[in-house]
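The structure appears below as structure tokens.
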Amino acid sequence: MKRPLIIFIMLASLSIVILGFQSLITEPEVAVNINDNVVPIVSREEPVDIMLATDLHYLTDALIEEGPVFDDLFATGDGKMLYDLERIVDAFITQALTSQPDVVVLSGDLTLNGEKLSHEHLSEKLDQLRAAGIVVFVTPGNHDLNNYHASRFTKEAVYRVEKTTPDAFRQMYQSDSSHIVSMDDASLSYVAAMREDAWLVMLDTVKYENNSEQSPSEPSGRVRLETELWLEDVLRSADEQGVQPIVVSHHNLLEHHPHMNRNFTIEHPRRIKEMFQTFGVRTHFSGHIHVQHTAVEGELYDVATGALSVYPHLYGAVTLEKDQTLHYQAKSLTIPGDYAIEGRDKAVDFHSYSQATFEKISYDKAMQRVLLYDLPLDETRQMATVFSKFNTSFFSGTLKDDHQQIKALPGYGLWDKAGDTSLKWYMFSELSGPFFDHQTIEIRHE
């Protein structure tokens with residue numbers, strides 16, 4: 001007769017254990033402070049003009065001594081114009097001073113490898129914009145913080161230099177606090193009021209705390225749990241006030257290419273996408289992949305601007321109209337200077353020089369692969385030329401206009417002989433269509 005009492009006691013004890021366990025896994029509470037006295041950058045009756053750039057990969061000239069070591073880094077790189085980074089950033093500053101946007105946004109990988117001196121010199125350059133009344137907002141990329149690759153270069157060797165901590169980053173790039181709606185305590189994320197009805201959410205997705213001498217710069221990204229909870233409260237507050245949020249992070253929220261998913265797309269993005277859908281977020285700006293490309297899922301747009309440091313040196317000219325319609329136009333930065341190219345009698349402008357450099361890097365990469373196949377040399381050269389033209393167009397976001405010319409090249413059909421290679425898969429997955437305009441975008445917020 002005592003068995004029911006024993007069972008009852010056991011069940012009660014089990015319930016207590018379960019409740020105790022649940023309390024351990026309950027999501028942490030996040031106190032979100034919303035600045036009720038925030039000062040919008042422009043009035044509600046005005047459009048907002050934004051100049052957006054990403055992946056500057058700036059390395060101050062003070063850390064570069066030209067010679068074989070730096071030459072090798074450039075020759076084996078991914079198209080970053082390493083010898084011209086100072087010139088590129090200066091041209092961007094000049095363009096911003098000429099265009100006079102309300103806001104300049106830099107979405108990560110501001111520096112080559114997080115050198116503190118590069119960050120300091122870049123922030124000094126951005127002071128020119130601040131002095132002209134242009135508000136500057138930045139978020140870090142995977143190269144920017146706690147990076148053990150931070151280096152200076154001599155002719156013969158590479159030496160480590162001081163890297164940048166998150167606290168130092170925040171202090172160097174801190175914006176006018178009067179525009180800040182809220183700051184996240186768990187990351188470098190924050191929200192700024194561009195207009196009374198439009199907030200800019202600068203979302204930190206970088207795993208800088210994971211970096212070490214063994215893993216100098218973690219390329220993948222994620223949103224911390226505490227930051228996710230903060231973000232949800234921010235978006236809920238925006239929704240209650242009739243505010244349209246525009247979100248910016250370094251990593252992509254949507255997949256842009258099957259070849260550019262791992263380490264590029266934010267880990268476990270479903271929860272973030274569901275949150276955006278709930279609160280009506282339609283625009284996410286990103287970078288990281290260096291490609292000018294827009295991915296769309298339902299009503300959500302993820303616009304990845306091409307790397308400023310890589311041909312064709314694009315930045316985004318964005319206008320948010322009074323009715324919340326957003327216009328985005330990718331523009332190629334004008335960079336002064338003439339350059340000599342081997343095999344050409346006359347010097348060319350920087351744009352042509354940079355294009356030739358990127359095409360050669362793409363060509364050499366393809367030749368390394370196709371030379372492994374037992375094909376005549378002239379055929380391998382034709383195939384490498386096809387890949388070079390494709391890769392340049394893909395990175396520029398112009399395949400919609402260029403794909404027919406690429407398919408008409410002599411080496412295009414030869415790629416079938418190469419079998420199922422990664423380069424062929426990477427190229428054909430885009431050349432099979434459909435084709436979109438990745439440089440001009442309109443997003444309506446209804």
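Following the order of the structure tokens, first chain is A, next is B, and so on, with residues numbered from 1 inside each chain and ligands from 1 in the order they appear.
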Which of region 278-388 of chain A DSSP labels strand (DSSP E), written as a PyMOL selection string: chain A and resi 283-286+293-297+300-304+314-320+326-332+338-339+348-349
Output N, CA, C and O atoms of each residue in that selection to a file, as a short mmCIF file (atom, residue, chain, number, x, y, z; two decimals), in the first residue's frame.
data_model
loop_
_atom_site.label_atom_id
_atom_site.label_comp_id
_atom_site.auth_asym_id
_atom_site.auth_seq_id
_atom_site.Cartn_x
_atom_site.Cartn_y
_atom_site.Cartn_z
N THR A 283 16.28 44.14 -45.60
CA THR A 283 17.58 44.47 -46.19
C THR A 283 18.71 44.12 -45.24
O THR A 283 18.74 44.58 -44.09
N HIS A 284 19.64 43.31 -45.73
CA HIS A 284 20.87 42.99 -45.00
C HIS A 284 22.04 43.23 -45.94
O HIS A 284 22.09 42.68 -47.04
N PHE A 285 22.97 44.08 -45.52
CA PHE A 285 24.18 44.34 -46.30
C PHE A 285 25.34 43.56 -45.70
O PHE A 285 25.51 43.49 -44.48
N SER A 286 26.16 42.97 -46.57
CA SER A 286 27.30 42.16 -46.11
C SER A 286 28.48 42.34 -47.05
O SER A 286 28.45 43.15 -47.98
N HIS A 293 27.26 40.71 -55.33
CA HIS A 293 26.24 39.69 -55.53
C HIS A 293 25.08 39.90 -54.57
O HIS A 293 25.28 40.27 -53.40
N THR A 294 23.86 39.68 -55.05
CA THR A 294 22.67 39.78 -54.22
C THR A 294 21.98 38.43 -54.14
O THR A 294 21.72 37.80 -55.17
N ALA A 295 21.71 37.98 -52.93
CA ALA A 295 20.93 36.76 -52.72
C ALA A 295 19.57 37.16 -52.16
O ALA A 295 19.47 38.10 -51.37
N VAL A 296 18.53 36.44 -52.61
CA VAL A 296 17.17 36.77 -52.19
C VAL A 296 16.49 35.50 -51.69
O VAL A 296 16.59 34.44 -52.32
N GLU A 297 15.85 35.59 -50.54
CA GLU A 297 15.08 34.48 -49.98
C GLU A 297 13.77 35.05 -49.46
O GLU A 297 13.74 35.77 -48.47
N LEU A 300 13.51 38.77 -48.19
CA LEU A 300 14.76 39.21 -47.59
C LEU A 300 15.87 39.30 -48.65
O LEU A 300 16.11 38.35 -49.39
N TYR A 301 16.53 40.46 -48.71
CA TYR A 301 17.65 40.68 -49.61
C TYR A 301 18.95 40.73 -48.82
O TYR A 301 19.05 41.46 -47.84
N ASP A 302 19.94 39.96 -49.26
CA ASP A 302 21.29 40.05 -48.70
C ASP A 302 22.19 40.58 -49.82
O ASP A 302 22.51 39.87 -50.77
N VAL A 303 22.58 41.84 -49.70
CA VAL A 303 23.37 42.50 -50.74
C VAL A 303 24.83 42.51 -50.31
O VAL A 303 25.20 43.20 -49.35
N ALA A 304 25.66 41.72 -50.99
CA ALA A 304 27.09 41.68 -50.72
C ALA A 304 27.79 42.61 -51.71
O ALA A 304 27.73 42.41 -52.92
N LEU A 314 34.51 48.35 -56.05
CA LEU A 314 33.13 48.83 -55.98
C LEU A 314 32.78 49.33 -54.58
O LEU A 314 33.31 48.86 -53.58
N TYR A 315 31.87 50.28 -54.56
CA TYR A 315 31.21 50.69 -53.33
C TYR A 315 29.73 50.83 -53.64
O TYR A 315 29.32 50.88 -54.81
N GLY A 316 28.91 50.83 -52.63
CA GLY A 316 27.47 50.92 -52.83
C GLY A 316 26.97 52.33 -52.53
O GLY A 316 27.24 52.88 -51.46
N ALA A 317 26.26 52.91 -53.49
CA ALA A 317 25.58 54.19 -53.27
C ALA A 317 24.12 53.86 -52.96
O ALA A 317 23.39 53.35 -53.81
N VAL A 318 23.71 54.13 -51.74
CA VAL A 318 22.40 53.71 -51.25
C VAL A 318 21.57 54.95 -50.90
O VAL A 318 22.07 55.88 -50.27
N THR A 319 20.32 54.94 -51.32
CA THR A 319 19.38 55.99 -50.92
C THR A 319 18.13 55.35 -50.34
O THR A 319 17.52 54.48 -50.97
N LEU A 320 17.80 55.75 -49.13
CA LEU A 320 16.55 55.33 -48.50
C LEU A 320 15.56 56.48 -48.62
O LEU A 320 15.75 57.54 -48.01
N LEU A 326 14.25 51.50 -50.89
CA LEU A 326 15.70 51.56 -50.86
C LEU A 326 16.26 51.33 -52.27
O LEU A 326 15.91 50.37 -52.94
N HIS A 327 17.12 52.23 -52.71
CA HIS A 327 17.81 52.10 -53.99
C HIS A 327 19.29 51.84 -53.73
O HIS A 327 19.92 52.55 -52.93
N TYR A 328 19.83 50.83 -54.41
CA TYR A 328 21.24 50.48 -54.27
C TYR A 328 21.88 50.48 -55.65
O TYR A 328 21.36 49.86 -56.59
N GLN A 329 23.01 51.14 -55.78
CA GLN A 329 23.76 51.13 -57.03
C GLN A 329 25.23 50.89 -56.74
O GLN A 329 25.86 51.64 -55.97
N ALA A 330 25.79 49.81 -57.31
CA ALA A 330 27.23 49.56 -57.16
C ALA A 330 27.98 50.47 -58.13
O ALA A 330 27.66 50.53 -59.31
N LYS A 331 28.98 51.15 -57.60
CA LYS A 331 29.76 52.07 -58.43
C LYS A 331 31.24 51.75 -58.29
O LYS A 331 31.72 51.38 -57.22
N SER A 332 31.96 51.92 -59.40
CA SER A 332 33.39 51.65 -59.41
C SER A 332 34.14 52.91 -59.00
O SER A 332 33.91 53.99 -59.55
N ASP A 338 48.66 56.41 -63.40
CA ASP A 338 48.94 55.66 -64.63
C ASP A 338 49.95 54.56 -64.32
O ASP A 338 50.85 54.74 -63.50
N TYR A 339 49.78 53.42 -65.02
CA TYR A 339 50.61 52.26 -64.76
C TYR A 339 51.09 51.63 -66.06
O TYR A 339 50.37 51.63 -67.06
N VAL A 348 48.58 52.75 -68.79
CA VAL A 348 47.12 52.68 -68.70
C VAL A 348 46.67 53.28 -67.38
O VAL A 348 47.46 53.46 -66.45
N ASP A 349 45.36 53.57 -67.28
CA ASP A 349 44.84 54.09 -66.02
C ASP A 349 44.76 52.97 -64.99
O ASP A 349 44.91 51.79 -65.31
#
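Note that the spacing between CA of Ala418 (chain A) and CA of Pro312 (chain A) amounts to 29.3 Å.
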Separation of CA of Leu56 (chain A) from CA of Asp144 (chain A), in Å and rounded to one decimal: 10.8 Å
Backbone-only DSSP, alpha helix (DSSP H) members of region 159-224 of chain A, as number ranges by chain: A: 166-173
Selected residues, N, CA and C atoms, written as a PDB file, in the first residue's frame, please.
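Writing done, so here's out_4.pdb:
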ATOM      1  N   PRO A 166      39.273  44.198 -29.273  1.00  0.00           N
ATOM      2  CA  PRO A 166      37.920  44.743 -29.458  1.00  0.00           C
ATOM      3  C   PRO A 166      37.733  46.096 -28.780  1.00  0.00           C
ATOM      4  N   ASP A 167      38.286  46.260 -27.568  1.00  0.00           N
ATOM      5  CA  ASP A 167      38.138  47.533 -26.865  1.00  0.00           C
ATOM      6  C   ASP A 167      38.831  48.662 -27.626  1.00  0.00           C
ATOM      7  N   ALA A 168      40.014  48.388 -28.141  1.00  0.00           N
ATOM      8  CA  ALA A 168      40.741  49.400 -28.905  1.00  0.00           C
ATOM      9  C   ALA A 168      39.984  49.753 -30.186  1.00  0.00           C
ATOM     10  N   PHE A 169      39.399  48.744 -30.821  1.00  0.00           N
ATOM     11  CA  PHE A 169      38.618  48.957 -32.035  1.00  0.00           C
ATOM     12  C   PHE A 169      37.442  49.884 -31.754  1.00  0.00           C
ATOM     13  N   ARG A 170      36.720  49.604 -30.676  1.00  0.00           N
ATOM     14  CA  ARG A 170      35.558  50.428 -30.331  1.00  0.00           C
ATOM     15  C   ARG A 170      35.971  51.879 -30.070  1.00  0.00           C
ATOM     16  N   GLN A 171      37.079  52.057 -29.367  1.00  0.00           N
ATOM     17  CA  GLN A 171      37.529  53.411 -29.049  1.00  0.00           C
ATOM     18  C   GLN A 171      37.977  54.167 -30.292  1.00  0.00           C
ATOM     19  N   MET A 172      38.657  53.471 -31.212  1.00  0.00           N
ATOM     20  CA  MET A 172      39.162  54.147 -32.405  1.00  0.00           C
ATOM     21  C   MET A 172      38.052  54.582 -33.349  1.00  0.00           C
ATOM     22  N   TYR A 173      37.002  53.760 -33.437  1.00  0.00           N
ATOM     23  CA  TYR A 173      35.967  54.024 -34.430  1.00  0.00           C
ATOM     24  C   TYR A 173      34.638  54.465 -33.810  1.00  0.00           C
TER      25      TYR A 173
END
12 Å contact set for Glu120 (chain A), only C-alpha atoms, chain neighbours under 3 positions out, as a ChimeraX atom specification: /A:58-60,62,110-111,114-117,123-127,162-164,168-173
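Here CA of Asn261 (chain A) is placed at a distance of 26.6 Å from CA of Leu372 (chain A).
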Close residues, Gln324 (chain A) itself excluded, 10 Å, only C-alpha atoms, min 5 positions apart in chain, as a VMD selection string: chain A and resid 47 to 48 197 to 198 243 to 244 319 443 to 446
Go ahead and dump the residues you just picked, C-alpha atoms, as a tab-separated table (two decimals), in the first residue's frame.
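In the end it all went to out.tsv:
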chain	number	residue	atom	x	y	z
A	47	PRO	CA	15.90	60.74	-47.88
A	48	VAL	CA	19.01	59.16	-46.37
A	197	ASP	CA	11.71	55.90	-38.86
A	198	ALA	CA	14.93	54.18	-40.00
A	243	VAL	CA	10.86	52.01	-37.46
A	244	GLN	CA	12.39	50.19	-40.46
A	319	THR	CA	19.38	55.99	-50.92
A	443	ILE	CA	13.83	47.10	-52.33
A	444	ARG	CA	10.37	48.31	-51.39
A	445	HIS	CA	9.35	48.24	-47.72
A	446	GLU	CA	5.59	47.96	-47.64
Nearest-residue call for Ser99 (chain A), choices A:Leu333, A:His119, A:Phe428, A:Phe137, using only C-alpha atoms: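 Of A:Leu333, A:His119, A:Phe428, A:Phe137, the one nearest Ser99 (chain A) is A:Leu333, counting only C-alpha atoms.
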Residues near region 277-281 of chain A, cut-off 8 Å, only C-alpha atoms, skip fewer than 5 positions along chain, as an NGL selection string: :A and (235-236 or 239 or 244-247 or 300)
All residues 10 Å or closer to region 176-193 of chain A, only C-alpha atoms, same chain fewer than 6 positions away omitted, as a ChimeraX atom specification: /A:30-42,130,135-140,166-167,169-170,199-207,223-231,234,243,245-249
From A:Arg152, A:His438, A:Lys365, A:Arg381, residue lying nearest Pro410 (chain A) [only C-alpha atoms]: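 Counting only C-alpha atoms, the residue closest to Pro410 (chain A) is A:Arg381.
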Contacts of Met260 (chain A) at 12 Å (only C-alpha atoms; same-chain gap of 2+ positions) as a PyMOL selection string: chain A and resi 219-220+251-258+262-266+287-291+293+304+426+429
